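Written below as structure tokens is the structure these notes are about.
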Amino acid sequence: MIEAPVKEPRDLLERDTVTLEVVSRKYGELAALAGVSLRVRAQETVAVVGPSGCGKTTLLELICGLQRPDCGCVTAAPAALMPQRDLLLPWLGALDNAALALRARGVSREQARATAQPWLARFGLDGFEHTRPAALSGGMRQRVSFLRTLLAGKPVLALDEPFAALDAITRAEMQSWLAHVLEREPRTVVLVTHDVEEAVILADRVVVFSPRPGRVLADIAVPLPRPRRRVDPAVVELRERALHALGVPS
Amino acid sequence: MKRCLSACAALALATVALAACGEKAEVTTGSAGAGQPLRLMLDWVPNADHVGIYQGLSEGDFAQAGLAVRVQVPSDPATPLELVAAGKVDAAISYEPELMLARNRGLPLVAIAAIVQRPLTSIISLGSNRIAQPRDLPGKTVGDAGIAYQHAYLQTILARAGVSTDKVKEVNVGANLVPAMLSRRVDATLGGYWNYEAIQLAQRGKRPNVIRMDEVGVPAYDELVLVVRRDTLANRSDELHRFVQAMARGYKSVRRDPTAAVDTLVRANPGLDRKLQLASVRATLGAFFPSAPGKPWGWQDPARWTAYGAWMLAHRLITNPNAAADASTNQLLAGQGV
Amino acid sequence: MKRVGLPLALLALLLGVWELYVDLGGADPVILPPPHDVLKSLVDDRGLLWSNFLVSAREVVLGIVLAVMVALLLAIAIHFSATLRRAAYPLLIASQTIPFPMLAPLLVLWLGFGIAPKLVVIAIVSFFPIVVTTFAALEAVDRDLLKLMRTFDASRGRTFWHVELPSALPGVFTGTKVAVVVAVIGAVFAELAGANSGLGYLFQQAEANLLIPRAYAAVVILSLFAIVLFALLTIAEHRVLPWAYQSRGDVAQ
């Protein structure tokens, strides 16, 4: 059940898709993406893995409408971005940061806070409503950032390496936490990550990108039931397959 | 953000309150509200030369004449005449040579009274330098404020004493003449007043030597004059007449009781050095009134004005003879004119 | 205690050197009064110094407020419009090179003898540092944050209000702290151009009356005032912007 407020009534979930057709994007002489075709179905989670500089951030910005492709076509339902750095506003508490997307649309402060309040408890941030980001742990900041993205009310979520800055323990916790949240709040998700294992654990498909200029090397389906465990042989096998596609020796 | 906004609002309110209530605190010297407003600008910071004006304000001479006089202090001695010409003040105190220069530039100004009837400008030196007369100047350094007509005074004085000008070095020391003398940067200064700087030095035990301009060849002139615009004189002649008469009463009152007048001056200007001002007023008393018998307070001797104007022309300080002609009028003085 | 102690110790040392220099005949006491004469004037003339200080203080505070308002408007304007920035920036810099003795009498001519010309002089000398620091703070806002707001469909105005303006506040404070020190000097020059009261006027009058210790005392009061204003602003800064001074709780482990 989608509870976060959305811009228009959504009756046809089939519309909540992302399609890239032979998309290329250049920054001057530098080609970021070359002929990328990708389709994400409604409420599907697709993980994009690849080496640094393969155009993953460009991909997400194209999906969110921040950039236009030089060639090809991007068709996407409205998408909200969760940036790599949490970019929480240092002068606002957790509650106000979470509600930022609502305030950005013109919702009053009381209304925005009322909407965001119940979510804080669900995200384990109860009691931290007025705590500023500087006093929150890394994991908590990522949770606030994700909540903010969720409360933007867009059907598509573009997550840019959300757990890259966290330590291994917190990262593992956050991965299972995200899997749990997405189960209860299904969205169409494009998740960019450098952690192949994370991709296999969270996604329905893992798309492997080549180094610059980025193009799709492999599209690996992950038809495993959730919740998934790291040590599960099926998970390990898919992980190896992805690493192999990346060119990492076993 | 909201807390910041309310802080800004509080600050804004405090600022408005500060601006509003502060206006009353601004020191304004002038007579009580009622009466035609008249803005008078002094030539410099208030001092002993202005004692009659403050006496007149204090004892209500201006108020009785139906005038609400407001006294302004200028930024430098050059601005009063500019501001009178621009109509920003109604009358200004200035110096006879400055008035001539302004008229030479085309400013339609005229002097209506002389407040100090003879030159105050002098060559002043510390007693230890032994410069008692112009013939003692060869080989010495003289400091002044770089004013053209004062340079011409020096030339005239040296010529009269038969001293070659290249024997005397002239240095620009700005307006602070006494520090220049005390620091021995210069041996003497030209531009100090015998009733002011000389007294400051005397009170510090420096036993100054004073050579007055009019004693060594510079044509006599009125050191301090009251100046208005020509059209003000034409249009508000009655008002100015009352103004001048009230000022005359003020100065006469000073003559009767100089000590009380100095008290009034210092009360109106708490920053003054009472000892200095008292000595200065006493020394200047004679110069506040014409020496010629039967002439009213503020008298400007036409013959002397003509002679001074001719001297300025001869030294090419002014180029327009009309600047000197009709530069002053006595028509508003007691028993004169209309 | 050490924070106050060290500057005081240095000050005491400098005062000692100054006192010795004058007492040993290095300069005529009329021109360079010894510190004890200045201290005496601070005590004897305290009434005169205080009443004139209030006048100057009012001018400085109001002038700074005016400067902040003008500077904010300008900084925001050139932040939003690159054309305006290219057109106005050189002129803004040039405005700082106008010499006071030229500027102040002109303003008295246009605005009269009240407080207005003094406020304009003070505002002109103070607004520039505030513009520079505020503009820099606005430009330094993380570009990724602005992109994020776009994905939330925020209008330009809302992005400015929620993100850029609060980000710029530290810059406003920094610039204002620099400005208050300059503003005090500006007030003196403004008064020298035409005033009947204030510490600048008192200074001028004291010099004319050869009461040099009093002139120095006026300068001392002005310096103290600048220090106090700077300190007050720093305190306000820490109150209003506590988030700018907290160290990050836990940087990536």
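So you can find residues: chains in the structure tokens are A, B, ... in the order shown, residues in each start at 1, and ligands are numbered from 1 in order.
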Requested in this report: Going by DSSP on the backbone, which bits of range 84-241 of chain A are alpha helix (DSSP H)? Write them as a PyMOL selection string, please.
Outcome: chain A and resi 94-98+100-104+109-122+138-151+168-184+196-202+233-241
Query raised in the report: Taking only C-alpha atoms into account, what are the residues of chain A at most 7 Å from chain C, put as a list in words?
Result: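 Result, ordered by chain then number: Cys64, Ala80, Leu81, Leu87, Pro90, Trp91, Ala101, Ala104, Arg105, Ala134, Ala135, Leu136, Ser137, Gly138, Ala152, Ala165, Leu166 and Asp167 of chain A.
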Selected residues written out, C-alpha atoms, as a CSV table (one decimal), in the first residue's frame:
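Below is the file result36.csv, written as the result:
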chain,number,residue,atom,x,y,z
A,64,CYS,CA,15.4,12.0,-12.8
A,80,ALA,CA,13.2,11.1,-6.8
A,81,LEU,CA,16.9,11.1,-6.2
A,87,LEU,CA,23.0,16.3,1.7
A,90,PRO,CA,22.7,20.9,8.8
A,91,TRP,CA,20.3,23.5,10.4
A,101,ALA,CA,10.6,17.3,-0.3
A,104,ALA,CA,9.9,22.1,-1.6
A,105,ARG,CA,6.5,21.6,-3.1
A,134,ALA,CA,25.8,16.4,13.0
A,135,ALA,CA,24.6,14.5,16.0
A,136,LEU,CA,23.2,11.5,14.0
A,137,SER,CA,25.2,8.4,13.1
A,138,GLY,CA,26.0,7.6,9.5
A,152,ALA,CA,8.8,13.0,-2.3
A,165,ALA,CA,30.1,5.8,3.0
A,166,LEU,CA,29.1,3.4,5.8
A,167,ASP,CA,31.2,0.9,7.6
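Nearest to Ser237 in chain B of all the residues B:Asn209, B:Ile123, B:Ala132, B:Ile112 is B:Ile112, counting only C-alpha atoms.
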**Report entry** DSSP-assigned strand (DSSP E) members of range 22-201 of chain A, reported as a ChimeraX atom specification
**Finding:** /A:22-27,30-40,45-49,71-76,79-82,156-160,188-193
Report task. Provide as a PyMOL selection string the residues of chain C at most 6 Å from chain B, counting only C-alpha atoms. Result -> chain C and resi 31+192-194
Query raised in the report: Given a cut-off of 12 Å, which residues of chain A touch chain B, counting only C-alpha atoms, written out as a list in words?
Result: Leu89, Pro90, Trp91, Leu92, Gly93, Asp96 and Arg109 of chain A
Query raised in the report: Which residues come within 9 Å of range 43-55 of chain A, counting only C-alpha atoms, excluding same-chain residues fewer than 2 positions away, as a PyMOL selection string?
Result: chain A and resi 13-14+16-17+25+31-33+40-41+57-60+155-156+186-196+198-200+202-215+242+246
Query raised in the report: Near Ile212 in chain C, counting only C-alpha atoms, which residues have an atom at most 7 Å away, once you skip same-chain residues fewer than 5 positions from it, shown as number ranges by chain?
Result: C: 30-31, 33, 206-207
Go ahead and write the residues just picked, C-alpha atoms, as a PDB file, in the first residue's frame.
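To be explicit, this is the file written out as part29.pdb:
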ATOM      1  CA  VAL C  30      51.516  67.912  23.833  1.00  0.00           C
ATOM      2  CA  ILE C  31      51.819  65.922  20.635  1.00  0.00           C
ATOM      3  CA  PRO C  33      50.572  62.340  25.515  1.00  0.00           C
ATOM      4  CA  ALA C 206      39.840  68.402  21.206  1.00  0.00           C
ATOM      5  CA  GLU C 207      42.603  68.713  18.615  1.00  0.00           C
TER       6      GLU C 207
END
Query raised in the report: Hey, can you check how far CA of Asn172 in chain B sits from CA of Gly143 in chain B?
Result: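 Between CA of Asn172 in chain B and CA of Gly143 in chain B the gap is 5.6 Å.
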Find the residues near Pro129 in chain C: any atom within 7 Å, counting only C-alpha atoms, skip ones fewer than 5 places away on the same chain, and give them as a JSON list (two decimals) with C-alpha atoms, in the first residue's frame.
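Ended up saving to part.json:
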[["chain", "number", "residue", "atom", "x", "y", "z"],
["C", 175, "GLY", "CA", 31.02, 39.98, 6.38],
["C", 178, "VAL", "CA", 34.51, 42.77, 9.17],
["C", 179, "ALA", "CA", 32.14, 45.61, 8.37]]
Query raised in the report: In Å, how far is it from CA of Gly35 in chain A to CA of Arg239 in chain A?
Result: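 Separating CA of Gly35 in chain A from CA of Arg239 in chain A is a distance of 25.2 Å.
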Query raised in the report: Near Thr134 in chain C, counting only C-alpha atoms, which residues have an atom at most 10 Å away, once you skip same-chain residues fewer than 5 positions from it, shown as a PyMOL selection string?
Result: chain C and resi 68+71-72+74-76+79+128-129+139-140+165+167-176
Query raised in the report: Can you list, as a PyMOL selection string, every protein, DNA or RNA residue that comes within 6 Å of range 103-113 of chain C when you count only C-alpha atoms, leaving out same-chain residues fewer than 2 positions away?
Result: chain C and resi 100-101+117+190+193
Could you turn the residues from that selection into a file that holds C-alpha atoms, as an mmCIF file, in the first residue's frame?
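Produced file out.cif, reproduced below:
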data_model
loop_
_atom_site.group_PDB
_atom_site.id
_atom_site.type_symbol
_atom_site.label_atom_id
_atom_site.label_comp_id
_atom_site.auth_asym_id
_atom_site.auth_seq_id
_atom_site.Cartn_x
_atom_site.Cartn_y
_atom_site.Cartn_z
ATOM 1 C CA PHE C 100 36.016 60.070 2.235
ATOM 2 C CA PRO C 101 36.979 63.738 2.145
ATOM 3 C CA PRO C 117 24.527 61.577 5.336
ATOM 4 C CA ALA C 190 31.211 61.129 8.464
ATOM 5 C CA ALA C 193 32.372 66.173 7.410
#
